[in-house]
file work-v8.pdb (PDB, C-alpha atoms and all ligand atoms)
ATOM      1  CA  MET A   1     107.221 105.373 140.659
ATOM      2  CA  THR A   2     107.684 104.113 144.217
ATOM      3  CA  THR A   3     108.920 106.555 146.888
ATOM      4  CA  PRO A   4     112.315 105.677 148.403
ATOM      5  CA  PRO A   5     112.263 104.468 152.029
ATOM      6  CA  ASP A   6     113.218 107.008 154.703
ATOM      7  CA  LEU A   7     116.975 107.261 154.768
ATOM      8  CA  LEU A   8     118.907 107.280 158.034
ATOM      9  CA  ASP A   9     122.115 109.185 158.475
ATOM     10  CA  PRO A  10     124.438 106.789 160.371
ATOM     11  CA  LEU A  11     126.587 109.700 161.523
ATOM     12  CA  GLU A  12     123.584 111.430 163.090
ATOM     13  CA  GLU A  13     122.624 108.133 164.705
ATOM     14  CA  ARG A  14     126.101 107.735 166.120
ATOM     15  CA  ARG A  15     126.140 111.286 167.448
ATOM     16  CA  ALA A  16     122.906 110.717 169.348
ATOM     17  CA  LEU A  17     124.350 107.539 170.846
ATOM     18  CA  GLN A  18     127.405 109.443 172.039
ATOM     19  CA  ASP A  19     125.197 111.843 174.025
ATOM     20  CA  THR A  20     125.609 110.556 177.571
ATOM     21  CA  GLU A  21     125.674 113.869 179.432
ATOM     22  CA  SER A  22     123.712 113.894 182.675
ATOM     23  CA  LYS A  23     120.342 115.695 182.501
ATOM     24  CA  ILE A  24     119.546 115.449 186.211
ATOM     25  CA  ALA A  25     122.298 117.803 187.279
ATOM     26  CA  ILE A  26     123.038 121.167 188.852
ATOM     27  CA  ALA A  27     125.377 123.216 186.646
ATOM     28  CA  GLY A  28     126.563 120.001 184.963
ATOM     29  CA  HIS A  29     127.142 118.149 188.262
ATOM     30  CA  PRO A  30     124.939 114.980 188.358
ATOM     31  CA  LEU A  31     122.625 114.745 191.387
ATOM     32  CA  HIS A  32     123.036 110.947 191.347
ATOM     33  CA  ALA A  33     126.772 111.222 192.022
ATOM     34  CA  MET A  34     126.031 113.629 194.920
ATOM     35  CA  LEU A  35     123.401 111.337 196.473
ATOM     36  CA  VAL A  36     125.053 107.904 196.219
ATOM     37  CA  ALA A  37     127.594 108.804 198.904
ATOM     38  CA  PHE A  38     124.774 108.609 201.512
ATOM     39  CA  PRO A  39     123.543 105.008 201.006
ATOM     40  CA  ILE A  40     127.154 103.844 200.615
ATOM     41  CA  ALA A  41     128.339 105.438 203.870
ATOM     42  CA  LEU A  42     125.161 104.564 205.796
ATOM     43  CA  THR A  43     125.195 100.889 204.752
ATOM     44  CA  PHE A  44     128.751 100.497 206.038
ATOM     45  CA  SER A  45     127.785 102.447 209.199
ATOM     46  CA  THR A  46     124.947  99.951 209.801
ATOM     47  CA  LEU A  47     127.365  97.042 209.486
ATOM     48  CA  GLY A  48     129.732  98.789 211.942
ATOM     49  CA  ALA A  49     126.910  99.408 214.445
ATOM     50  CA  ASP A  50     125.699  95.783 214.134
ATOM     51  CA  LEU A  51     129.213  94.491 214.824
ATOM     52  CA  LEU A  52     129.545  96.822 217.818
ATOM     53  CA  TYR A  53     126.187  95.579 219.166
ATOM     54  CA  ALA A  54     127.301  91.958 218.722
ATOM     55  CA  TRP A  55     130.541  92.754 220.542
ATOM     56  CA  THR A  56     129.290  95.001 223.405
ATOM     57  CA  GLY A  57     125.589  94.085 223.708
ATOM     58  CA  ALA A  58     124.823  97.800 224.252
ATOM     59  CA  PRO A  59     121.252  98.613 223.016
ATOM     60  CA  PHE A  60     122.512 101.971 221.707
ATOM     61  CA  TRP A  61     124.305 100.259 218.783
ATOM     62  CA  ALA A  62     121.228  98.257 217.754
ATOM     63  CA  GLN A  63     119.145 101.452 217.732
ATOM     64  CA  ALA A  64     121.842 103.325 215.808
ATOM     65  CA  ALA A  65     121.926 100.483 213.253
ATOM     66  CA  GLY A  66     118.121 100.680 212.817
ATOM     67  CA  TYR A  67     118.196 104.435 212.152
ATOM     68  CA  ALA A  68     121.234 104.133 209.866
ATOM     69  CA  MET A  69     119.540 101.413 207.790
ATOM     70  CA  PHE A  70     116.354 103.509 207.486
ATOM     71  CA  ALA A  71     118.445 106.457 206.245
ATOM     72  CA  ALA A  72     120.483 104.215 203.900
ATOM     73  CA  PHE A  73     117.276 102.887 202.343
ATOM     74  CA  THR A  74     115.533 106.267 201.890
ATOM     75  CA  MET A  75     118.653 107.991 200.528
ATOM     76  CA  GLY A  76     119.285 104.937 198.303
ATOM     77  CA  VAL A  77     115.761 105.204 196.869
ATOM     78  CA  LEU A  78     116.310 108.938 196.240
ATOM     79  CA  ALA A  79     119.634 108.206 194.508
ATOM     80  CA  GLY A  80     117.947 105.389 192.560
ATOM     81  CA  LEU A  81     115.212 107.764 191.348
ATOM     82  CA  THR A  82     117.757 110.244 189.978
ATOM     83  CA  GLY A  83     119.740 107.393 188.371
ATOM     84  CA  THR A  84     116.589 105.924 186.813
ATOM     85  CA  ALA A  85     115.618 109.334 185.418
ATOM     86  CA  GLU A  86     119.056 109.570 183.743
ATOM     87  CA  LEU A  87     118.690 106.050 182.411
ATOM     88  CA  LEU A  88     115.308 106.731 180.843
ATOM     89  CA  LEU A  89     115.904 110.291 179.634
ATOM     90  CA  VAL A  90     119.418 110.171 178.178
ATOM     91  CA  ARG A  91     119.622 108.155 174.980
ATOM     92  CA  GLY A  92     123.350 107.396 175.168
ATOM     93  CA  ILE A  93     122.902 106.079 178.742
ATOM     94  CA  ARG A  94     119.778 104.072 177.926
ATOM     95  CA  ASN A  95     121.487 102.421 174.930
ATOM     96  CA  ARG A  96     124.423 101.026 176.868
ATOM     97  CA  SER A  97     124.059  97.599 178.438
ATOM     98  CA  ALA A  98     126.460  98.552 181.260
ATOM     99  CA  SER A  99     123.883 101.113 182.482
ATOM    100  CA  TRP A 100     121.257  98.352 182.748
ATOM    101  CA  THR A 101     123.671  96.041 184.578
ATOM    102  CA  HIS A 102     124.161  98.856 187.124
ATOM    103  CA  PHE A 103     120.383  99.330 187.375
ATOM    104  CA  ILE A 104     119.817  95.597 188.109
ATOM    105  CA  LEU A 105     122.571  95.539 190.760
ATOM    106  CA  ALA A 106     121.160  98.721 192.342
ATOM    107  CA  VAL A 107     117.558  97.480 192.477
ATOM    108  CA  MET A 108     118.689  94.228 194.147
ATOM    109  CA  LEU A 109     120.685  96.311 196.639
ATOM    110  CA  LEU A 110     117.712  98.590 197.397
ATOM    111  CA  SER A 111     115.437  95.596 198.093
ATOM    112  CA  LEU A 112     118.049  94.241 200.472
ATOM    113  CA  LEU A 113     118.319  97.613 202.271
ATOM    114  CA  GLY A 114     114.505  97.801 202.515
ATOM    115  CA  ALA A 115     114.273  94.282 203.968
ATOM    116  CA  ASN A 116     117.081  95.003 206.422
ATOM    117  CA  TRP A 117     115.221  98.104 207.657
ATOM    118  CA  VAL A 118     111.714  96.552 207.874
ATOM    119  CA  LEU A 119     113.144  93.610 209.860
ATOM    120  CA  ARG A 120     114.302  96.042 212.568
ATOM    121  CA  ILE A 121     111.040  97.985 213.036
ATOM    122  CA  GLY A 122     109.704  97.535 216.578
ATOM    123  CA  ASP A 123     112.559  95.308 217.778
ATOM    124  CA  PRO A 124     115.936  96.771 216.735
ATOM    125  CA  GLU A 125     117.843  94.704 219.321
ATOM    126  CA  GLY A 126     116.256  91.326 218.607
ATOM    127  CA  ALA A 127     116.696  91.824 214.855
ATOM    128  CA  VAL A 128     120.482  92.136 214.824
ATOM    129  CA  LEU A 129     121.547  88.579 215.632
ATOM    130  CA  PRO A 130     121.798  86.684 213.435
ATOM    131  CA  VAL A 131     119.608  87.886 210.508
ATOM    132  CA  GLY A 132     120.211  91.674 210.683
ATOM    133  CA  LEU A 133     123.973  91.268 210.845
ATOM    134  CA  ALA A 134     123.940  88.726 207.991
ATOM    135  CA  LEU A 135     121.845  91.071 205.832
ATOM    136  CA  SER A 136     124.170  93.977 206.658
ATOM    137  CA  LEU A 137     127.179  91.911 205.577
ATOM    138  CA  VAL A 138     125.575  90.977 202.244
ATOM    139  CA  ALA A 139     124.340  94.588 201.767
ATOM    140  CA  ALA A 140     127.865  95.947 202.333
ATOM    141  CA  GLY A 141     129.210  93.552 199.668
ATOM    142  CA  MET A 142     126.416  94.496 197.237
ATOM    143  CA  THR A 143     127.025  98.211 197.912
ATOM    144  CA  ALA A 144     130.697  97.768 197.102
ATOM    145  CA  MET A 145     129.815  96.012 193.812
ATOM    146  CA  THR A 146     127.138  98.550 192.821
ATOM    147  CA  GLY A 147     129.315 101.541 193.719
ATOM    148  CA  TRP A 148     132.343 100.087 191.945
ATOM    149  CA  HIS A 149     130.232  99.423 188.867
ATOM    150  CA  GLY A 150     128.773 102.966 188.996
ATOM    151  CA  GLY A 151     132.328 104.317 189.047
ATOM    152  CA  LYS A 152     133.103 102.102 186.038
ATOM    153  CA  LEU A 153     130.210 103.699 184.139
ATOM    154  CA  VAL A 154     131.690 107.146 184.714
ATOM    155  CA  PHE A 155     135.449 106.552 184.609
ATOM    156  CA  ASP A 156     135.648 103.774 181.980
ATOM    157  CA  TYR A 157     132.678 104.554 179.712
ATOM    158  CA  GLN A 158     132.349 108.311 180.457
ATOM    159  CA  ILE A 159     128.608 107.808 181.053
ATOM    160  CA  GLY A 160     127.053 110.911 182.614
ATOM    161  CA  THR A 161     129.861 113.119 181.310
ATOM    162  CA  ARG A 162     130.136 115.687 178.522
ATOM    163  CA  THR A 163     132.351 114.013 175.904
ATOM    164  CA  ASP A 164     132.517 113.440 172.150
ATOM    165  CA  GLY A 165     132.920 109.739 172.863
ATOM    166  CA  SER A 166     136.381 109.476 171.269
ATOM    167  CA  GLY A 167     137.900 108.208 174.522
ATOM    168  CA  ARG A 168     135.402 105.358 174.952
ATOM    169  CA  PRO A 169     136.560 101.748 174.640
TER     170      PRO A 169
HETATM  171  C1  LIG B   1     118.315 102.264 191.076
HETATM  172  C2  LIG B   1     118.745 102.673 189.961
HETATM  173  C3  LIG B   1     120.080 103.315 189.599
HETATM  174  C4  LIG B   1     120.341 103.719 188.335
HETATM  175  C5  LIG B   1     119.417 103.611 187.123
HETATM  176  C6  LIG B   1     121.681 104.273 188.324
HETATM  177  C7  LIG B   1     122.296 104.821 187.199
HETATM  178  C8  LIG B   1     123.537 105.423 187.201
HETATM  179  C9  LIG B   1     124.105 106.171 186.086
HETATM  180  C10 LIG B   1     123.382 106.436 184.762
HETATM  181  C11 LIG B   1     125.341 106.584 186.451
HETATM  182  C12 LIG B   1     126.315 107.423 185.605
HETATM  183  C13 LIG B   1     126.424 108.853 186.149
HETATM  184  C14 LIG B   1     125.169 109.660 185.980
HETATM  185  O1  LIG B   1     124.615 109.706 184.888
HETATM  186  O2  LIG B   1     124.726 110.246 186.987
HETATM  187  C15 LIG B   1     125.586 106.091 187.790
HETATM  188  C16 LIG B   1     126.738 106.322 188.531
HETATM  189  C17 LIG B   1     126.953 105.837 189.792
HETATM  190  N1  LIG B   1     126.085 105.108 190.575
HETATM  191 FE1  LIG B   1     124.167 104.611 190.079
HETATM  192  N2  LIG B   1     122.221 104.160 189.586
HETATM  193  C18 LIG B   1     121.279 103.591 190.410
HETATM  194  C19 LIG B   1     121.425 103.360 191.775
HETATM  195  C20 LIG B   1     122.629 103.448 192.472
HETATM  196  C21 LIG B   1     122.817 103.101 193.874
HETATM  197  C22 LIG B   1     121.711 102.597 194.829
HETATM  198  C23 LIG B   1     124.131 103.303 194.166
HETATM  199  C24 LIG B   1     124.784 103.103 195.508
HETATM  200  C25 LIG B   1     125.574 102.144 195.762
HETATM  201  C26 LIG B   1     124.793 103.795 192.954
HETATM  202  C27 LIG B   1     126.133 104.123 192.833
HETATM  203  C28 LIG B   1     126.699 104.808 191.772
HETATM  204  C29 LIG B   1     128.051 105.376 191.781
HETATM  205  C30 LIG B   1     129.072 105.308 192.928
HETATM  206  C31 LIG B   1     128.206 106.023 190.550
HETATM  207  C32 LIG B   1     129.454 106.799 190.091
HETATM  208  C33 LIG B   1     129.254 108.262 190.429
HETATM  209  C34 LIG B   1     130.456 109.127 190.080
HETATM  210  O3  LIG B   1     131.575 108.817 190.529
HETATM  211  O4  LIG B   1     130.279 110.155 189.375
HETATM  212  N3  LIG B   1     123.840 103.874 191.943
HETATM  213  N4  LIG B   1     124.475 105.381 188.236
END

call {"tool": "encode", "arguments": {"input": "work-v8.pdb", "output": "structure tokens"}}
result
Amino acid sequence: MTTPPDLLDPLEERRALQDTESKIAIAGHPLHAMLVAFPIALTFSTLGADLLYAWTGAPFWAQAAGYAMFAAFTMGVLAGLTGTAELLLVRGIRNRSASWTHFILAVMLLSLLGANWVLRIGDPEGAVLPVGLALSLVAAGMTAMTGWHGGKLVFDYQIGTRTDGSGRP
């Protein structure tokens, strides 16, 4: 007599897929959500400083933009590492295509932030016009898209939250 194939319980499968609660968290508060505020604010600060340099010509603004972009990149990488850990460790996050869309947007953004910082090393003033400012403009747009999409993960799909999944679309 042949042995029956291993049976799967679809309900158990479903339950595992509904598990989207953050694992990289302090007392249930995801570190990623705490960290993303920094690259978002610092990218827009860089754009502001670049515009002020273009307007006033004061070297201070070009230097401020260089430091702000360095901080935006390093904090963005830190936020990206916590987000990637969630993505790989939490089954319900890993199994949703929206999480991967956010990952792709974020990695493109981080490369842009890195390029915008490296460009400024050694010559923060010369780097602003026109390439630095152009990169800052594109980076601000990409940050808005990535941040908006991250919010969509949490508020529309309840990814990263403790839920039974009944409220998901
Ligand atoms: C590089 C890889 C990244 C991955 C894999 C990733 C993944 C995630 C995941 C899984 C969530 C759901 C909440 C959680 O589980 O913590 C999330 C939320 C979010 N992400 Fe990312 N993320 C990445 C980078 C970024 C970056 C660079 C930004 C900055 C623009 C960003 C902005 C956001 C925002 C604003 C939220 C919503 C946070 C909230 O309101 O609670 N993410 N991300």

call {"tool": "closest_atom_pairs", "arguments": {"input": "work-v8.pdb", "of": "chain A", "to": "ligand LIG 1 (chain B)", "cutoff": "7 Å", "atoms": "only C-alpha atoms and all ligand atoms", "output": "CSV"}}
result
residue,atom,partner,partner_atom,distance
A:Glu21,CA,B:LIG1,O1,6.9
A:Ser22,CA,B:LIG1,O1,4.8
A:Pro30,CA,B:LIG1,O2,4.9
A:Leu31,CA,B:LIG1,O2,6.6
A:His32,CA,B:LIG1,O2,4.7
A:Ala33,CA,B:LIG1,C33,4.2
A:Val36,CA,B:LIG1,C24,4.9
A:Pro39,CA,B:LIG1,C24,5.9
A:Ile40,CA,B:LIG1,C25,5.4
A:Gly76,CA,B:LIG1,C22,4.8
A:Val77,CA,B:LIG1,C22,6.8
A:Ala79,CA,B:LIG1,C19,5.8
A:Gly80,CA,B:LIG1,C1,3.5
A:Leu81,CA,B:LIG1,C1,6.3
A:Gly83,CA,B:LIG1,C6,3.7
A:Thr84,CA,B:LIG1,C5,3.7
A:Glu86,CA,B:LIG1,C10,5.4
A:Leu87,CA,B:LIG1,C10,5.3
A:Ile93,CA,B:LIG1,C10,6.0
A:Ser99,CA,B:LIG1,C10,5.8
A:His102,CA,B:LIG1,C6,6.1
A:Phe103,CA,B:LIG1,C5,4.4
A:Ala106,CA,B:LIG1,C22,4.6
A:Val107,CA,B:LIG1,C1,5.0
A:Leu109,CA,B:LIG1,C22,6.6
A:Leu110,CA,B:LIG1,C22,6.2
A:Thr143,CA,B:LIG1,C25,4.7
A:Ala144,CA,B:LIG1,C25,6.9
A:Thr146,CA,B:LIG1,C25,4.9
A:Gly147,CA,B:LIG1,C30,3.9
A:Trp148,CA,B:LIG1,C30,6.2
A:His149,CA,B:LIG1,C29,7.0
A:Gly150,CA,B:LIG1,C31,3.5
A:Gly151,CA,B:LIG1,C32,3.9
A:Leu153,CA,B:LIG1,C12,5.6
A:Val154,CA,B:LIG1,C12,5.5
A:Ile159,CA,B:LIG1,C12,5.1
A:Gly160,CA,B:LIG1,O1,3.5

call {"tool": "resolve_selection", "arguments": {"input": "work-v8.pdb", "expression": "the PyMOL selection byres (((chain A and resi 120-127) around 6) and not hetatm)", "output": "PDB file with C-alpha atoms, keeping the file's coordinate frame"}}
result
ATOM      1  CA  ALA A  62     121.228  98.257 217.754  1.00  0.00           C
ATOM      2  CA  GLN A  63     119.145 101.452 217.732  1.00  0.00           C
ATOM      3  CA  GLY A  66     118.121 100.680 212.817  1.00  0.00           C
ATOM      4  CA  TRP A 117     115.221  98.104 207.657  1.00  0.00           C
ATOM      5  CA  VAL A 118     111.714  96.552 207.874  1.00  0.00           C
ATOM      6  CA  LEU A 119     113.144  93.610 209.860  1.00  0.00           C
ATOM      7  CA  VAL A 128     120.482  92.136 214.824  1.00  0.00           C
ATOM      8  CA  LEU A 129     121.547  88.579 215.632  1.00  0.00           C
ATOM      9  CA  GLY A 132     120.211  91.674 210.683  1.00  0.00           C
TER      10      GLY A 132
END

call {"tool": "axis_aligned_box", "arguments": {"input": "work-v8.pdb", "around": "segment 114-133 of chain A", "padding_each_side": "6 Å", "output": "lines of an AutoDock Vina configuration file"}}
result
center_x = 116.8
center_y = 92.4
center_z = 210.9
size_x = 26.3
size_y = 23.4
size_z = 28.8

call {"tool": "residues_around", "arguments": {"input": "work-v8.pdb", "residues": "Tyr53 of chain A", "least_positions_apart": "2", "cutoff": "10 Å", "atoms": "all atoms listed in the file", "output": "ChimeraX atom specification"}}
result
/A:47-51,55-65,125,128-129,133

call {"tool": "atom_distance", "arguments": {"input": "work-v8.pdb", "atom1": "atom CA of Tyr157 of chain A", "atom2": "atom CA of Thr74 of chain A"}}
result
28.1 Å

call {"tool": "closest_residue", "arguments": {"input": "work-v8.pdb", "among": "A:Ile104, A:Phe44, A:Met75, A:Ala98", "to": "Val138 of chain A", "atoms": "all atoms listed in the file"}}
result
A:Phe44

call {"tool": "closest_residue", "arguments": {"input": "work-v8.pdb", "among": "A:Ala27, A:Met69, A:Met34, A:Ala139", "to": "Thr46 of chain A", "atoms": "all atoms listed in the file"}}
result
A:Met69

call {"tool": "closest_residue", "arguments": {"input": "work-v8.pdb", "among": "A:Leu89, A:Ala54, A:Leu78, A:Asp6", "to": "Pro130 of chain A", "atoms": "only C-alpha atoms"}}
result
A:Ala54

call {"tool": "atom_distance", "arguments": {"input": "work-v8.pdb", "atom1": "atom CA of Asn116 of chain A", "atom2": "atom CA of Leu42 of chain A"}}
result
12.5 Å

call {"tool": "closest_residue", "arguments": {"input": "work-v8.pdb", "among": "A:Arg14, A:Leu105, A:Ala37, A:Thr163", "to": "Met145 of chain A", "atoms": "all atoms listed in the file"}}
result
A:Leu105

call {"tool": "atom_distance", "arguments": {"input": "work-v8.pdb", "atom1": "atom CA of Leu52 of chain A", "atom2": "atom CA of Val131 of chain A"}}
result
15.2 Å
